[in-house]
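Student: Next comes the structure file target_18.cif, holding mmCIF, C-alpha atoms and all ligand atoms.
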```
data_upload
loop_
_atom_site.group_PDB
_atom_site.id
_atom_site.type_symbol
_atom_site.label_atom_id
_atom_site.label_comp_id
_atom_site.auth_asym_id
_atom_site.auth_seq_id
_atom_site.Cartn_x
_atom_site.Cartn_y
_atom_site.Cartn_z
ATOM 1 C CA MET A 1 94.486 158.774 89.271
ATOM 2 C CA ASN A 2 93.415 159.134 92.875
ATOM 3 C CA ALA A 3 94.556 162.117 94.919
ATOM 4 C CA ALA A 4 97.270 160.246 96.839
ATOM 5 C CA ALA A 5 98.680 158.730 93.640
ATOM 6 C CA ASP A 6 98.745 162.222 92.079
ATOM 7 C CA ILE A 7 100.739 163.594 95.001
ATOM 8 C CA LEU A 8 103.092 160.625 94.966
ATOM 9 C CA ALA A 9 103.651 160.891 91.211
ATOM 10 C CA SER A 10 104.652 164.540 91.502
ATOM 11 C CA ARG A 11 106.910 163.943 94.539
ATOM 12 C CA LEU A 12 108.597 160.951 92.876
ATOM 13 C CA GLY A 13 109.724 163.130 89.982
ATOM 14 C CA GLU A 14 111.985 161.130 87.669
ATOM 15 C CA ARG A 15 111.824 158.030 89.865
ATOM 16 C CA LYS A 16 109.805 155.300 88.160
ATOM 17 C CA PRO A 17 109.630 152.298 90.508
ATOM 18 C CA GLY A 18 108.086 149.099 89.179
ATOM 19 C CA ILE A 19 108.089 147.310 92.528
ATOM 20 C CA ALA A 20 106.954 148.189 96.061
ATOM 21 C CA ILE A 21 107.970 146.629 99.355
ATOM 22 C CA VAL A 22 105.937 146.872 102.573
ATOM 23 C CA LEU A 23 108.400 147.005 105.459
ATOM 24 C CA GLY A 24 107.167 145.052 108.468
ATOM 25 C CA SER A 25 108.874 144.761 111.858
ATOM 26 C CA GLY A 26 112.622 144.381 111.476
ATOM 27 C CA LEU A 27 112.775 145.685 107.903
ATOM 28 C CA GLY A 28 112.648 149.380 108.829
ATOM 29 C CA PRO A 29 116.433 149.873 108.446
ATOM 30 C CA LEU A 30 116.113 149.039 104.732
ATOM 31 C CA ALA A 31 114.576 152.479 104.228
ATOM 32 C CA ASP A 32 117.854 154.091 105.346
ATOM 33 C CA GLU A 33 119.759 152.245 102.624
ATOM 34 C CA VAL A 34 117.768 153.801 99.797
ATOM 35 C CA GLU A 35 119.873 156.055 97.596
ATOM 36 C CA ASN A 36 118.622 159.359 96.241
ATOM 37 C CA PRO A 37 115.571 159.003 98.496
ATOM 38 C CA VAL A 38 112.416 161.037 98.588
ATOM 39 C CA ARG A 39 110.399 160.598 101.787
ATOM 40 C CA ILE A 40 106.691 161.304 101.888
ATOM 41 C CA PRO A 41 104.909 160.941 105.262
ATOM 42 C CA TYR A 42 101.648 158.967 105.144
ATOM 43 C CA GLY A 43 100.061 162.041 106.713
ATOM 44 C CA ASP A 44 100.592 163.941 103.429
ATOM 45 C CA LEU A 45 98.717 161.310 101.428
ATOM 46 C CA PRO A 46 94.887 161.348 101.512
ATOM 47 C CA GLY A 47 93.466 158.049 102.743
ATOM 48 C CA PHE A 48 96.770 156.714 104.004
ATOM 49 C CA PRO A 49 96.494 155.334 107.560
ATOM 50 C CA VAL A 50 98.636 156.832 110.263
ATOM 51 C CA SER A 51 99.791 153.835 112.272
ATOM 52 C CA GLY A 52 100.232 154.095 116.005
ATOM 53 C CA VAL A 53 102.097 150.827 116.568
ATOM 54 C CA SER A 54 105.500 151.433 118.081
ATOM 55 C CA GLY A 55 108.209 150.216 115.740
ATOM 56 C CA HIS A 56 106.121 151.136 112.684
ATOM 57 C CA ALA A 57 106.795 154.555 111.144
ATOM 58 C CA GLY A 58 104.552 155.771 108.369
ATOM 59 C CA GLU A 59 106.192 157.070 105.230
ATOM 60 C CA VAL A 60 106.793 156.267 101.604
ATOM 61 C CA VAL A 61 110.484 156.112 100.737
ATOM 62 C CA ALA A 62 111.288 156.016 97.030
ATOM 63 C CA GLY A 63 114.708 155.857 95.418
ATOM 64 C CA THR A 64 117.162 153.176 94.379
ATOM 65 C CA LEU A 65 118.155 150.027 96.212
ATOM 66 C CA GLY A 66 120.634 147.602 94.679
ATOM 67 C CA GLY A 67 120.700 150.027 91.776
ATOM 68 C CA ARG A 68 116.983 149.544 91.034
ATOM 69 C CA SER A 69 114.152 151.966 91.435
ATOM 70 C CA VAL A 70 111.899 150.934 94.347
ATOM 71 C CA LEU A 71 109.102 152.335 96.460
ATOM 72 C CA LEU A 72 109.179 151.321 100.101
ATOM 73 C CA LEU A 73 106.092 151.518 102.275
ATOM 74 C CA ALA A 74 107.678 152.007 105.685
ATOM 75 C CA GLY A 75 104.915 151.264 108.139
ATOM 76 C CA ARG A 76 101.642 149.454 107.756
ATOM 77 C CA ALA A 77 98.320 149.700 109.503
ATOM 78 C CA HIS A 78 96.842 146.562 111.012
ATOM 79 C CA TYR A 79 93.302 145.262 111.233
ATOM 80 C CA TYR A 80 93.576 145.260 115.015
ATOM 81 C CA GLU A 81 94.198 149.016 115.106
ATOM 82 C CA HIS A 82 91.120 150.011 113.161
ATOM 83 C CA GLY A 83 88.735 147.024 112.994
ATOM 84 C CA ASP A 84 88.907 147.548 109.243
ATOM 85 C CA ALA A 85 90.515 144.793 107.179
ATOM 86 C CA ALA A 86 90.705 147.190 104.207
ATOM 87 C CA VAL A 87 92.752 149.787 106.091
ATOM 88 C CA MET A 88 95.663 149.381 103.632
ATOM 89 C CA ARG A 89 93.454 149.622 100.543
ATOM 90 C CA PRO A 90 94.101 153.343 99.866
ATOM 91 C CA VAL A 91 97.839 152.640 100.046
ATOM 92 C CA LEU A 92 97.760 149.699 97.653
ATOM 93 C CA GLU A 93 95.422 151.551 95.295
ATOM 94 C CA THR A 94 98.135 154.108 94.546
ATOM 95 C CA LEU A 95 100.596 151.521 93.234
ATOM 96 C CA ALA A 96 99.176 150.508 89.841
ATOM 97 C CA PRO A 97 98.568 154.159 88.809
ATOM 98 C CA LEU A 98 102.266 154.803 89.497
ATOM 99 C CA GLY A 99 103.253 151.942 87.187
ATOM 100 C CA ILE A 100 104.019 149.483 90.003
ATOM 101 C CA ASP A 101 102.907 145.933 89.221
ATOM 102 C CA ARG A 102 104.787 143.921 91.860
ATOM 103 C CA LEU A 103 104.469 143.995 95.652
ATOM 104 C CA ILE A 104 106.627 142.315 98.294
ATOM 105 C CA LEU A 105 105.103 142.129 101.775
ATOM 106 C CA THR A 106 107.168 141.527 104.901
ATOM 107 C CA ASN A 107 106.096 140.852 108.457
ATOM 108 C CA ALA A 108 107.114 139.502 111.853
ATOM 109 C CA ALA A 109 105.595 136.170 112.784
ATOM 110 C CA GLY A 110 105.497 133.446 115.391
ATOM 111 C CA SER A 111 106.856 130.077 114.247
ATOM 112 C CA LEU A 112 104.999 126.808 114.750
ATOM 113 C CA ARG A 113 108.050 124.754 113.887
ATOM 114 C CA GLU A 114 110.961 123.956 116.174
ATOM 115 C CA ASP A 115 113.170 123.749 113.067
ATOM 116 C CA MET A 116 112.294 127.379 112.200
ATOM 117 C CA PRO A 117 113.518 129.230 115.320
ATOM 118 C CA PRO A 118 113.570 132.985 116.021
ATOM 119 C CA GLY A 119 115.803 134.715 113.479
ATOM 120 C CA SER A 120 114.578 132.514 110.622
ATOM 121 C CA VAL A 121 113.103 133.866 107.400
ATOM 122 C CA MET A 122 110.038 132.174 105.897
ATOM 123 C CA LEU A 123 108.848 132.559 102.322
ATOM 124 C CA VAL A 124 105.048 132.514 102.462
ATOM 125 C CA THR A 125 103.760 130.025 99.888
ATOM 126 C CA ASP A 126 100.106 130.103 100.956
ATOM 127 C CA HIS A 127 97.940 131.410 103.776
ATOM 128 C CA ILE A 128 95.020 130.580 106.028
ATOM 129 C CA ASN A 129 92.671 133.443 106.850
ATOM 130 C CA PHE A 130 91.600 132.658 110.406
ATOM 131 C CA SER A 131 90.526 136.193 111.318
ATOM 132 C CA GLY A 132 86.962 136.003 110.059
ATOM 133 C CA ALA A 133 87.583 139.319 108.285
ATOM 134 C CA ASN A 134 88.131 140.063 104.620
ATOM 135 C CA PRO A 135 89.143 143.423 103.096
ATOM 136 C CA LEU A 136 86.718 142.940 100.190
ATOM 137 C CA VAL A 137 83.565 142.763 102.328
ATOM 138 C CA GLY A 138 81.339 145.547 101.017
ATOM 139 C CA GLU A 139 83.089 145.707 97.637
ATOM 140 C CA ARG A 140 80.415 145.871 94.935
ATOM 141 C CA SER A 141 82.240 145.008 91.747
ATOM 142 C CA GLU A 142 82.316 141.448 90.408
ATOM 143 C CA GLN A 143 86.086 141.530 90.848
ATOM 144 C CA ARG A 144 85.442 140.890 94.559
ATOM 145 C CA PHE A 145 85.347 137.152 93.802
ATOM 146 C CA VAL A 146 89.094 137.133 93.479
ATOM 147 C CA GLY A 147 90.788 133.769 92.976
ATOM 148 C CA LEU A 148 93.547 132.917 95.454
ATOM 149 C CA THR A 149 94.631 129.547 94.055
ATOM 150 C CA GLU A 150 97.913 131.095 92.934
ATOM 151 C CA ALA A 151 97.894 134.148 95.174
ATOM 152 C CA TYR A 152 101.647 134.093 95.770
ATOM 153 C CA ASP A 153 103.400 134.799 92.466
ATOM 154 C CA ALA A 154 105.597 131.925 91.316
ATOM 155 C CA GLY A 155 108.134 134.203 89.607
ATOM 156 C CA LEU A 156 108.600 136.455 92.629
ATOM 157 C CA CYS A 157 108.846 133.413 94.948
ATOM 158 C CA HIS A 158 111.500 131.845 92.709
ATOM 159 C CA ALA A 159 113.417 135.133 92.759
ATOM 160 C CA ILE A 160 113.424 135.172 96.569
ATOM 161 C CA GLU A 161 114.536 131.527 96.715
ATOM 162 C CA ALA A 162 117.283 132.111 94.148
ATOM 163 C CA SER A 163 118.543 135.155 96.008
ATOM 164 C CA ALA A 164 118.547 133.261 99.327
ATOM 165 C CA ARG A 165 120.652 130.531 97.713
ATOM 166 C CA ALA A 166 123.018 133.046 96.117
ATOM 167 C CA THR A 167 123.575 134.883 99.402
ATOM 168 C CA GLY A 168 123.798 131.707 101.501
ATOM 169 C CA THR A 169 120.821 132.838 103.580
ATOM 170 C CA PRO A 170 118.679 130.061 105.063
ATOM 171 C CA LEU A 171 115.056 130.293 103.904
ATOM 172 C CA THR A 172 112.131 128.071 104.849
ATOM 173 C CA LYS A 173 108.905 127.865 102.856
ATOM 174 C CA GLY A 174 105.623 127.746 104.728
ATOM 175 C CA VAL A 175 101.989 128.623 105.279
ATOM 176 C CA TYR A 176 101.108 131.827 107.183
ATOM 177 C CA MET A 177 97.961 131.900 109.270
ATOM 178 C CA TRP A 178 96.356 135.282 109.949
ATOM 179 C CA PHE A 179 94.985 135.872 113.452
ATOM 180 C CA SER A 180 93.363 139.241 114.027
ATOM 181 C CA GLY A 181 95.345 140.120 117.162
ATOM 182 C CA PRO A 182 96.182 142.271 119.003
ATOM 183 C CA SER A 183 96.270 139.647 121.750
ATOM 184 C CA PHE A 184 98.660 136.828 120.996
ATOM 185 C CA GLU A 185 97.335 133.320 120.453
ATOM 186 C CA THR A 186 96.672 130.829 123.218
ATOM 187 C CA PRO A 187 98.622 127.551 123.367
ATOM 188 C CA ALA A 188 95.437 125.738 122.277
ATOM 189 C CA GLU A 189 95.137 128.022 119.230
ATOM 190 C CA ILE A 190 98.753 127.336 118.349
ATOM 191 C CA ARG A 191 98.156 123.566 118.565
ATOM 192 C CA MET A 192 95.101 124.038 116.336
ATOM 193 C CA ALA A 193 97.081 126.110 113.834
ATOM 194 C CA ARG A 194 99.700 123.361 113.568
ATOM 195 C CA ILE A 195 97.031 120.721 112.964
ATOM 196 C CA MET A 196 95.433 122.934 110.327
ATOM 197 C CA GLY A 197 98.653 123.081 108.343
ATOM 198 C CA ALA A 198 100.140 126.444 109.300
ATOM 199 C CA ASP A 199 103.869 126.997 109.765
ATOM 200 C CA ALA A 200 103.690 130.537 111.150
ATOM 201 C CA VAL A 201 101.126 132.876 112.692
ATOM 202 C CA GLY A 202 100.839 136.634 112.455
ATOM 203 C CA MET A 203 98.572 139.671 112.542
ATOM 204 C CA SER A 204 99.043 141.199 109.086
ATOM 205 C CA THR A 205 99.796 140.575 105.405
ATOM 206 C CA VAL A 206 96.822 138.375 104.455
ATOM 207 C CA PRO A 207 94.435 141.300 103.891
ATOM 208 C CA GLU A 208 97.119 142.992 101.788
ATOM 209 C CA VAL A 209 97.609 139.861 99.690
ATOM 210 C CA ILE A 210 93.853 139.706 99.034
ATOM 211 C CA LEU A 211 93.766 143.408 98.125
ATOM 212 C CA ALA A 212 96.856 143.108 95.930
ATOM 213 C CA ARG A 213 95.309 140.266 93.936
ATOM 214 C CA PHE A 214 92.058 142.220 93.679
ATOM 215 C CA LEU A 215 94.040 145.169 92.291
ATOM 216 C CA GLY A 216 95.928 142.961 89.817
ATOM 217 C CA LEU A 217 99.346 143.252 91.482
ATOM 218 C CA ARG A 218 101.757 140.325 91.531
ATOM 219 C CA VAL A 219 102.571 139.632 95.169
ATOM 220 C CA ALA A 220 105.001 137.726 97.385
ATOM 221 C CA ALA A 221 105.423 137.724 101.167
ATOM 222 C CA CYS A 222 108.164 136.874 103.653
ATOM 223 C CA SER A 223 108.028 136.487 107.426
ATOM 224 C CA VAL A 224 110.793 137.080 109.912
ATOM 225 C CA VAL A 225 110.374 134.774 112.878
ATOM 226 C CA THR A 226 110.580 136.570 116.214
ATOM 227 C CA ASN A 227 109.388 133.784 118.522
ATOM 228 C CA LEU A 228 107.990 130.296 118.755
ATOM 229 C CA GLY A 229 104.201 130.184 119.080
ATOM 230 C CA ALA A 230 102.455 130.518 122.432
ATOM 231 C CA GLY A 231 102.971 127.499 124.668
ATOM 232 C CA MET A 232 105.902 126.141 122.662
ATOM 233 C CA THR A 233 108.389 127.485 125.210
ATOM 234 C CA GLY A 234 107.983 128.211 128.893
ATOM 235 C CA SER A 235 107.744 131.973 128.464
ATOM 236 C CA GLU A 236 105.002 134.543 127.754
ATOM 237 C CA LEU A 237 105.011 136.403 124.421
ATOM 238 C CA SER A 238 105.363 140.161 124.212
ATOM 239 C CA HIS A 239 105.547 142.977 121.683
ATOM 240 C CA GLU A 240 108.919 143.879 123.222
ATOM 241 C CA GLU A 241 110.210 140.439 122.212
ATOM 242 C CA THR A 242 108.890 140.970 118.677
ATOM 243 C CA LYS A 243 110.685 144.328 118.417
ATOM 244 C CA GLU A 244 113.876 142.931 119.919
ATOM 245 C CA MET A 245 114.059 139.835 117.725
ATOM 246 C CA ALA A 246 112.721 141.223 114.434
ATOM 247 C CA PRO A 247 115.976 142.943 113.383
ATOM 248 C CA ILE A 248 117.830 139.581 113.357
ATOM 249 C CA GLY A 249 115.662 137.910 110.711
ATOM 250 C CA GLY A 250 115.052 141.362 109.241
ATOM 251 C CA ALA A 251 118.725 141.777 108.370
ATOM 252 C CA ARG A 252 118.707 138.362 106.671
ATOM 253 C CA LEU A 253 115.602 139.180 104.692
ATOM 254 C CA ALA A 254 117.065 142.563 103.700
ATOM 255 C CA THR A 255 120.112 140.742 102.289
ATOM 256 C CA ILE A 256 117.848 138.485 100.212
ATOM 257 C CA LEU A 257 115.739 141.362 98.889
ATOM 258 C CA LYS A 258 118.705 143.593 98.020
ATOM 259 C CA ARG A 259 120.437 140.836 96.039
ATOM 260 C CA ALA A 260 117.212 139.985 94.223
ATOM 261 C CA LEU A 261 116.842 143.650 93.252
ATOM 262 C CA ALA A 262 120.478 144.051 92.237
ATOM 263 C CA GLU A 263 120.382 140.920 90.074
ATOM 264 C CA GLU A 264 117.057 141.957 88.565
ATOM 265 C CA LEU A 265 115.482 138.696 89.667
ATOM 266 C CA PHE A 266 112.090 140.326 90.336
ATOM 267 C CA SER A 267 111.095 140.481 86.685
HETATM 268 N N1 LIG B 301 101.653 135.619 116.946
HETATM 269 C C1 LIG B 301 101.088 136.561 116.166
HETATM 270 N N2 LIG B 301 101.771 137.558 115.630
HETATM 271 C C2 LIG B 301 103.090 137.609 115.860
HETATM 272 C C3 LIG B 301 103.742 136.652 116.652
HETATM 273 C C4 LIG B 301 102.976 135.591 117.227
HETATM 274 O O1 LIG B 301 103.488 134.708 117.939
HETATM 275 N N3 LIG B 301 105.055 136.999 116.691
HETATM 276 C C5 LIG B 301 105.177 138.123 115.921
HETATM 277 N N4 LIG B 301 104.000 138.493 115.415
#
```
Can the structure in the file be given as structure tokens, please?
Ligand code: HPA

Tutor:
Amino acid sequence: MNAAADILASRLGERKPGIAIVLGSGLGPLADEVENPVRIPYGDLPGFPVSGVSGHAGEVVAGTLGGRSVLLLAGRAHYYEHGDAAVMRPVLETLAPLGIDRLILTNAAGSLREDMPPGSVMLVTDHINFSGANPLVGERSEQRFVGLTEAYDAGLCHAIEASARATGTPLTKGVYMWFSGPSFETPAEIRMARIMGADAVGMSTVPEVILARFLGLRVAACSVVTNLGAGMTGSELSHEETKEMAPIGGARLATILKRALAEELFS
């Protein structure tokens, strides 16, 4: 085991989560719903990034949610903070040694579709890496040639869809396109992204999906829509808008995830 996984294992005690959830913008409140929680700041875990983005804390919260043992990663580091697409690798590398084989990623995103307005939740079915970066650059093992044909796990995606239906929560499926950020896209880039087949744009998640597949974790991802893409409305985009709007879709996505956990759909 690596040092961070060792520390986590001892702090988790009797808790044996099989699934981890990365909490993006808007999902933070989910951490407060965990029962019998243990909270471990990223700063206590060697290699874990300490994120400076407002609205992103940095701690592991483990306990039960919907009656199931889970490990929440509250706070993620982004490529645009560090210039390192593998910044989340030390975090994801602790999961398998703890017995976690499934990972759900969440994020805030800009929508490219008028029929998927702010407040919507999108199940990511595929992605386009438009950043030019890849977290496996420099990796030496042959496993670096990781296949992404079925990157998003069919079973986990079905679980999210089933839970959305059961809770009456609208859910749209779509393709997420990763831009490096931190500047938002231009209207021309948004038009390009639509032509290229994207449904949403964002600044995270794709490197974590690549790393998760590299590490043998089953993975799914959901976006909460905070805005329409640049140029689709008359107004300028801002991080304030992201923070203000994320809790709306975030609450919907939390409902979906809690039901899926409670019903043991993530098997
Ligand atoms: N673009 C990129 N990332 C985002 C957006 C956006 O419009 N909204 C929230 N995260």

Student: Step by step, measure atom-to-atom distances between ligand LIG 301 (chain B) and each residue using all atoms listed in the file, keep those at most 9 Å, then write them as a PyMOL selection string.

Tutor: chain A and resi 25+107-112+177-185+190+200-204+224-230+237-239+241-243+246

Student: Between A:Arg68, A:Arg194, A:Arg113, A:His82, which is the closest to Phe266 in chain A once you count all atoms listed in the file?

Tutor: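 Smallest distance to Phe266 in chain A is found for A:Arg68.
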
Student: Mind giving me the straight-line distance from CA of Asn36 in chain A to CA of Ser69 in chain A in Å, one decimal?

Tutor: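 Taking CA of Asn36 in chain A and CA of Ser69 in chain A, their separation equals 9.9 Å.
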
Student: A:Leu45, A:Ala220, A:Leu148, A:Leu171: which is nearest Asp115 in chain A, counting only C-alpha atoms?

Tutor: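 Of all the options, A:Leu171 lies closest to Asp115 in chain A.
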
Student: Quick one, how far is CA of Val22 in chain A from CA of Asp126 in chain A?

Tutor: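 Straight-line distance from CA of Val22 in chain A to CA of Asp126 in chain A works out to 17.8 Å.
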
Student: Select, from A:Leu136, A:Leu30, A:Val124, A:Ala164, the residue with the minimum atom-to-atom distance to Ala198 in chain A, counting all atoms listed in the file.

Tutor: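 Between A:Leu136, A:Leu30, A:Val124, A:Ala164, the residue approaching Ala198 in chain A most closely is A:Val124.
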